[in-house]
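Coordinates from data-v4.cif are shown below (mmCIF, C-alpha atoms).
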data_work
loop_
_atom_site.label_atom_id
_atom_site.label_comp_id
_atom_site.auth_asym_id
_atom_site.auth_seq_id
_atom_site.Cartn_x
_atom_site.Cartn_y
_atom_site.Cartn_z
CA MET A 1182 0.00 0.00 0.00
CA THR A 1183 1.31 3.40 -0.92
CA PHE A 1184 1.99 5.55 2.12
CA ASP A 1185 0.08 8.81 2.27
CA PRO A 1186 0.81 11.23 5.16
CA ALA A 1187 -2.85 12.32 4.97
CA THR A 1188 -3.90 8.91 6.32
CA LEU A 1189 -2.15 9.52 9.65
CA VAL A 1190 -4.17 10.65 12.65
CA TYR A 1191 -3.29 14.21 13.69
CA ASP A 1192 -4.43 16.05 16.81
CA ASP A 1193 -6.59 19.17 16.75
CA ARG A 1194 -3.49 21.23 15.92
CA GLY A 1195 -2.79 18.99 12.91
CA LEU A 1196 0.22 17.43 14.64
CA ILE A 1197 1.48 13.91 15.33
CA PRO A 1198 4.21 13.02 17.84
CA ALA A 1199 7.44 11.66 16.38
CA ILE A 1200 9.93 9.74 18.51
CA ALA A 1201 13.52 9.85 17.27
CA GLN A 1202 15.63 6.77 17.95
CA GLN A 1203 19.28 6.24 17.05
CA ASP A 1204 19.78 3.44 14.55
CA GLY A 1205 21.82 0.57 15.91
CA THR A 1206 22.03 1.55 19.57
CA GLY A 1207 18.27 1.99 19.98
CA GLU A 1208 18.78 5.05 22.15
CA VAL A 1209 15.69 7.25 22.31
CA LEU A 1210 16.96 10.74 21.50
CA MET A 1211 13.95 13.07 21.61
CA MET A 1212 10.28 13.51 20.86
CA ALA A 1213 8.95 16.32 18.73
CA TRP A 1214 5.95 17.01 16.49
CA MET A 1215 5.26 16.78 12.78
CA ASN A 1216 2.42 17.90 10.57
CA ALA A 1217 1.54 16.14 7.29
CA GLU A 1218 3.86 18.37 5.28
CA SER A 1219 6.84 17.74 7.58
CA VAL A 1220 6.25 13.99 7.31
CA ALA A 1221 6.32 14.37 3.52
CA ARG A 1222 9.44 16.55 3.61
CA THR A 1223 11.21 14.09 5.92
CA LEU A 1224 10.59 11.26 3.46
CA GLU A 1225 11.50 13.34 0.41
CA THR A 1226 14.70 14.83 1.76
CA GLY A 1227 15.90 12.12 4.17
CA ARG A 1228 16.46 14.92 6.71
CA VAL A 1229 14.14 14.69 9.69
CA THR A 1230 11.90 17.75 9.65
CA TYR A 1231 9.62 18.61 12.54
CA TRP A 1232 7.05 21.34 13.07
CA SER A 1233 8.12 23.81 15.72
CA ARG A 1234 5.13 24.64 17.91
CA SER A 1235 6.91 27.61 19.48
CA ARG A 1236 8.09 29.12 16.19
CA GLN A 1237 5.13 27.83 14.13
CA SER A 1238 7.46 26.86 11.32
CA PHE A 1239 9.19 23.86 9.81
CA TRP A 1240 12.20 22.77 11.79
CA VAL A 1241 14.81 20.90 9.81
CA LYS A 1242 16.60 19.29 12.75
CA GLY A 1243 20.20 20.50 12.86
CA GLU A 1244 19.76 23.19 10.22
CA SER A 1245 21.35 25.79 12.46
CA SER A 1246 23.29 23.57 14.89
CA GLY A 1247 24.59 21.03 12.39
CA HIS A 1248 23.17 18.29 14.60
CA VAL A 1249 21.16 16.76 11.77
CA GLN A 1250 19.11 13.59 11.78
CA GLU A 1251 19.48 11.45 8.70
CA LEU A 1252 16.39 9.31 8.25
CA VAL A 1253 17.02 5.56 8.31
CA ASP A 1254 13.45 4.33 8.73
CA LEU A 1255 10.03 5.81 9.38
CA ARG A 1256 7.52 3.70 11.27
CA VAL A 1257 3.83 4.19 11.95
CA ASP A 1258 2.09 2.80 15.02
CA CYS A 1259 -1.04 0.63 15.10
CA ASP A 1260 -3.37 3.58 15.70
CA ARG A 1261 -1.56 5.70 13.10
CA ASP A 1262 -1.30 8.50 15.65
CA CYS A 1263 2.41 8.25 16.51
CA LEU A 1264 5.59 7.98 14.46
CA LEU A 1265 8.96 6.43 15.19
CA VAL A 1266 11.83 7.88 13.17
CA VAL A 1267 14.96 5.77 13.23
CA VAL A 1268 17.87 8.10 12.52
CA ASN A 1269 21.55 8.63 12.33
CA GLN A 1270 22.08 11.54 14.68
CA THR A 1271 25.06 13.81 14.12
CA GLY A 1272 26.26 15.25 17.44
CA PRO A 1273 23.93 15.72 20.39
CA ALA A 1274 20.18 15.62 19.74
CA CYS A 1275 19.31 17.82 22.71
CA HIS A 1276 19.55 21.61 22.73
CA THR A 1277 21.37 21.25 26.08
CA ASN A 1278 24.18 19.58 24.10
CA ARG A 1279 23.43 16.16 25.50
CA ARG A 1280 23.16 13.13 23.30
CA SER A 1281 19.50 12.56 24.31
CA CYS A 1282 16.81 14.81 25.76
CA PHE A 1283 15.96 12.07 28.30
CA TYR A 1284 18.93 12.70 30.56
CA THR A 1285 17.00 12.98 33.83
CA GLY A 1286 16.09 9.79 35.65
CA VAL A 1287 13.84 9.37 38.65
CA ARG A 1288 15.52 7.10 41.20
CA ASP A 1289 14.01 6.47 44.63
CA GLY A 1290 11.92 9.60 44.26
CA GLU A 1291 14.86 11.83 43.37
CA GLU A 1292 15.78 13.41 40.02
CA VAL A 1293 19.19 12.25 38.89
CA GLU A 1294 21.19 13.63 35.94
CA LEU A 1295 22.30 10.61 33.93
CA MET A 1296 24.20 12.33 31.13
CA ALA A 1297 26.48 15.37 30.98
CA PRO A 1298 26.54 17.86 28.10
CA GLU A 1299 29.09 16.99 25.45
CA SER A 1300 32.01 19.37 25.23
CA ALA A 1301 32.34 21.46 22.10
CA ALA A 1302 34.62 20.00 19.43
CA MET B 1385 15.91 17.18 43.92
CA THR B 1386 12.77 15.33 44.91
CA PHE B 1387 10.67 14.44 41.89
CA ASP B 1388 7.16 15.83 41.88
CA PRO B 1389 4.80 14.83 39.03
CA ALA B 1390 3.17 18.28 39.35
CA THR B 1391 6.35 19.86 37.95
CA LEU B 1392 5.91 18.13 34.58
CA VAL B 1393 4.40 20.03 31.66
CA TYR B 1394 0.98 18.67 30.70
CA ASP B 1395 -1.10 19.59 27.67
CA ASP B 1396 -4.50 21.25 27.87
CA ARG B 1397 -6.06 17.86 28.66
CA GLY B 1398 -3.65 17.43 31.57
CA LEU B 1399 -1.71 14.72 29.73
CA ILE B 1400 1.94 14.03 28.91
CA PRO B 1401 3.14 11.53 26.28
CA ALA B 1402 5.02 8.51 27.63
CA ILE B 1403 7.23 6.39 25.38
CA ALA B 1404 7.68 2.78 26.52
CA GLN B 1405 11.02 1.19 25.70
CA GLN B 1406 12.10 -2.39 26.47
CA ASP B 1407 15.03 -2.51 28.86
CA GLY B 1408 18.13 -4.08 27.38
CA THR B 1409 17.08 -4.34 23.73
CA GLY B 1410 16.07 -0.67 23.45
CA GLU B 1411 13.06 -1.58 21.34
CA VAL B 1412 10.42 1.16 21.34
CA LEU B 1413 7.19 -0.63 22.21
CA MET B 1414 4.44 1.99 22.25
CA MET B 1415 3.50 5.53 23.12
CA ALA B 1416 0.56 6.38 25.35
CA TRP B 1417 -0.49 9.17 27.70
CA MET B 1418 -0.25 9.80 31.42
CA ASN B 1419 -1.71 12.37 33.74
CA ALA B 1420 -0.03 13.44 36.99
CA GLU B 1421 -1.83 10.75 38.99
CA SER B 1422 -0.82 7.96 36.57
CA VAL B 1423 2.81 9.11 36.78
CA ALA B 1424 2.55 8.89 40.58
CA ARG B 1425 0.86 5.47 40.45
CA THR B 1426 3.49 4.15 38.02
CA LEU B 1427 6.25 5.14 40.44
CA GLU B 1428 4.42 3.86 43.52
CA THR B 1429 3.39 0.49 42.09
CA GLY B 1430 6.17 -0.23 39.59
CA ARG B 1431 3.42 -1.14 37.12
CA VAL B 1432 3.22 1.27 34.20
CA THR B 1433 -0.15 3.02 34.39
CA TYR B 1434 -1.41 5.23 31.57
CA TRP B 1435 -4.51 7.36 31.19
CA SER B 1436 -6.86 6.01 28.57
CA ARG B 1437 -8.20 8.89 26.49
CA SER B 1438 -10.93 6.72 24.95
CA ARG B 1439 -12.14 5.25 28.24
CA GLN B 1440 -11.26 8.31 30.34
CA SER B 1441 -9.86 6.09 33.06
CA PHE B 1442 -6.59 4.79 34.45
CA TRP B 1443 -5.14 2.03 32.34
CA VAL B 1444 -2.82 -0.31 34.21
CA LYS B 1445 -1.06 -1.77 31.19
CA GLY B 1446 -1.71 -5.52 30.98
CA GLU B 1447 -4.36 -5.54 33.73
CA SER B 1448 -6.77 -7.44 31.49
CA SER B 1449 -4.34 -8.98 28.95
CA GLY B 1450 -1.58 -9.95 31.35
CA HIS B 1451 0.85 -8.07 29.12
CA VAL B 1452 2.14 -5.94 31.96
CA GLN B 1453 4.96 -3.44 31.93
CA GLU B 1454 7.24 -3.56 34.94
CA LEU B 1455 8.91 -0.19 35.43
CA VAL B 1456 12.71 -0.26 35.25
CA ASP B 1457 13.39 3.46 34.91
CA LEU B 1458 11.40 6.63 34.40
CA ARG B 1459 13.05 9.49 32.54
CA VAL B 1460 11.99 13.07 31.97
CA ASP B 1461 13.02 15.07 28.91
CA CYS B 1462 14.71 18.48 28.87
CA ASP B 1463 11.42 20.37 28.41
CA ARG B 1464 9.66 18.21 31.02
CA ASP B 1465 6.86 17.59 28.51
CA CYS B 1466 7.64 13.99 27.55
CA LEU B 1467 8.45 10.84 29.53
CA LEU B 1468 10.45 7.75 28.64
CA VAL B 1469 9.50 4.66 30.61
CA VAL B 1470 12.05 1.86 30.41
CA VAL B 1471 10.20 -1.37 31.10
CA ASN B 1472 10.22 -5.10 31.18
CA GLN B 1473 7.34 -5.99 28.88
CA THR B 1474 5.57 -9.29 29.42
CA GLY B 1475 4.25 -10.60 26.09
CA PRO B 1476 3.31 -8.30 23.23
CA ALA B 1477 2.89 -4.59 23.99
CA CYS B 1478 0.49 -3.97 21.09
CA HIS B 1479 -3.22 -4.78 21.17
CA THR B 1480 -2.69 -6.45 17.76
CA ASN B 1481 -0.57 -9.02 19.61
CA ARG B 1482 2.66 -7.73 18.14
CA ARG B 1483 5.68 -7.06 20.30
CA SER B 1484 5.68 -3.35 19.36
CA CYS B 1485 3.02 -0.99 18.04
CA PHE B 1486 5.52 0.31 15.48
CA TYR B 1487 5.28 -2.65 13.12
CA THR B 1488 4.62 -0.69 9.94
CA GLY B 1489 7.59 0.72 8.06
CA VAL B 1490 7.58 3.10 5.11
CA ARG B 1491 9.97 1.82 2.46
CA ASP B 1492 10.27 3.48 -0.93
CA GLY B 1493 6.88 5.09 -0.43
CA GLU B 1494 5.14 1.83 0.45
CA GLU B 1495 3.83 0.62 3.78
CA VAL B 1496 5.51 -2.62 4.80
CA GLU B 1497 4.53 -4.86 7.73
CA LEU B 1498 7.73 -5.56 9.63
CA MET B 1499 6.40 -7.77 12.40
CA ALA B 1500 3.74 -10.48 12.58
CA PRO B 1501 1.37 -10.98 15.50
CA GLU B 1502 2.67 -13.43 18.06
CA SER B 1503 0.76 -16.67 18.26
CA ALA B 1504 -1.16 -17.35 21.45
CA ALA B 1505 0.67 -19.47 23.98
#

Just give me the structure as structure tokens.
Amino acid sequence: MTFDPATLVYDDRGLIPAIAQQDGTGEVLMMAWMNAESVARTLETGRVTYWSRSRQSFWVKGESSGHVQELVDLRVDCDRDCLLVVVNQTGPACHTNRRSCFYTGVRDGEEVELMAPESAA
Amino acid sequence: MTFDPATLVYDDRGLIPAIAQQDGTGEVLMMAWMNAESVARTLETGRVTYWSRSRQSFWVKGESSGHVQELVDLRVDCDRDCLLVVVNQTGPACHTNRRSCFYTGVRDGEEVELMAPESAA
């Protein structure tokens, strides 16, 4: 069946959550949002492209930072209301300069920082 | 710092997306939603507990199917508006009886089924 981004289930803002996972290691890097056009652009260009809710514009991941996400695989969930993008991440995915946005763990009721920012090259 | 579910960022329905990932393999199993009380219950019980938007009730994953998720680690992202729950999943996570909900890949513009339902024991 031909994939059509219009067949995905978007929320009332026209957005669908997209989970980015590093190919190979399986590390979950971040979660951001896409609209139908950013799904199409991601597939066309091979560069993961989100929709920025704060800027209300397309967000080609890494366009300014260089920390791009090269698309390896795009997956759709059973309800068609969530995407998994398997990527090759260049540099840190997080704006805090950490590899992943999920660097805070909850251990015995306390927040623990699990990952330090990477130093600049 | 003591973790308080009230410090997370919820949407206008009072919900936060939670990504479930299998411990060890890193496989992304599903994405569902939690409210502050289901975050608290997940931590208290060690059983991952979502909020069902369709049923408008707490959803202790696997309560009816037996396909429970034992909490290994709960992580908070940089914006505090997304959770990653690292789990030990018993049986398939997906209601279609597949290990993961993300069983459909997009390859060369076509939808491809990457994973078959598991057969009943």

Residue IDs satisfying the PyMOL selection byres ((chain A and resi 1229) around 12), as a PyMOL selection string: chain A and resi 1199-1202+1212-1215+1218-1228+1230-1232+1239-1244+1248-1255+1264-1271+1274

Result set of the PyMOL selection byres ((chain A) within 6 of (chain B)) on the coordinates above, as an NGL selection string: :A and (1182-1184 or 1207 or 1255-1259 or 1282-1283 or 1285-1287 or 1290-1292)

Quick one: distance from atom CA of Thr1391 of chain B to atom CA of Ala1420 of chain B in Å, one decimal?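 Value for the atom CA of Thr1391 of chain B-atom CA of Ala1420 of chain B distance: 9.1 Å.
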
Could you give me the centre and size, in Å to one decimal, of an axis-aligned box around all listed atoms of segment 1416-1420 of chain B with 5 Å added on every side, as lines of an AutoDock Vina configuration file?
center_x = -0.6
center_y = 9.9
center_z = 31.2
size_x = 12.3
size_y = 17.1
size_z = 21.6

Near Glu1502 of chain B, counting only C-alpha atoms, which residues have an atom at most 10 Å away, once you skip same-chain residues fewer than 3 positions from it, shown as a PDB file with C-alpha atoms, keeping the file's coordinate frame?
ATOM      1  CA  GLY B1475       4.250 -10.600  26.090  1.00  0.00           C
ATOM      2  CA  PRO B1476       3.310  -8.300  23.230  1.00  0.00           C
ATOM      3  CA  THR B1480      -2.690  -6.450  17.760  1.00  0.00           C
ATOM      4  CA  ASN B1481      -0.570  -9.020  19.610  1.00  0.00           C
ATOM      5  CA  ARG B1482       2.660  -7.730  18.140  1.00  0.00           C
ATOM      6  CA  ARG B1483       5.680  -7.060  20.300  1.00  0.00           C
ATOM      7  CA  MET B1499       6.400  -7.770  12.400  1.00  0.00           C
ATOM      8  CA  ALA B1505       0.670 -19.470  23.980  1.00  0.00           C
TER       9      ALA B1505
END

May I ask for the distance between atom CA of Ser1436 of chain B and atom CA of Ser1448 of chain B, given in Å to one decimal place?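 Atom-to-atom, atom CA of Ser1436 of chain B to atom CA of Ser1448 of chain B, that is 13.8 Å.
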
Atom CA of Asp1395 of chain B to atom CA of Asn1419 of chain B: how many Å, to one decimal?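 Value for the atom CA of Asp1395 of chain B-atom CA of Asn1419 of chain B distance: 9.5 Å.
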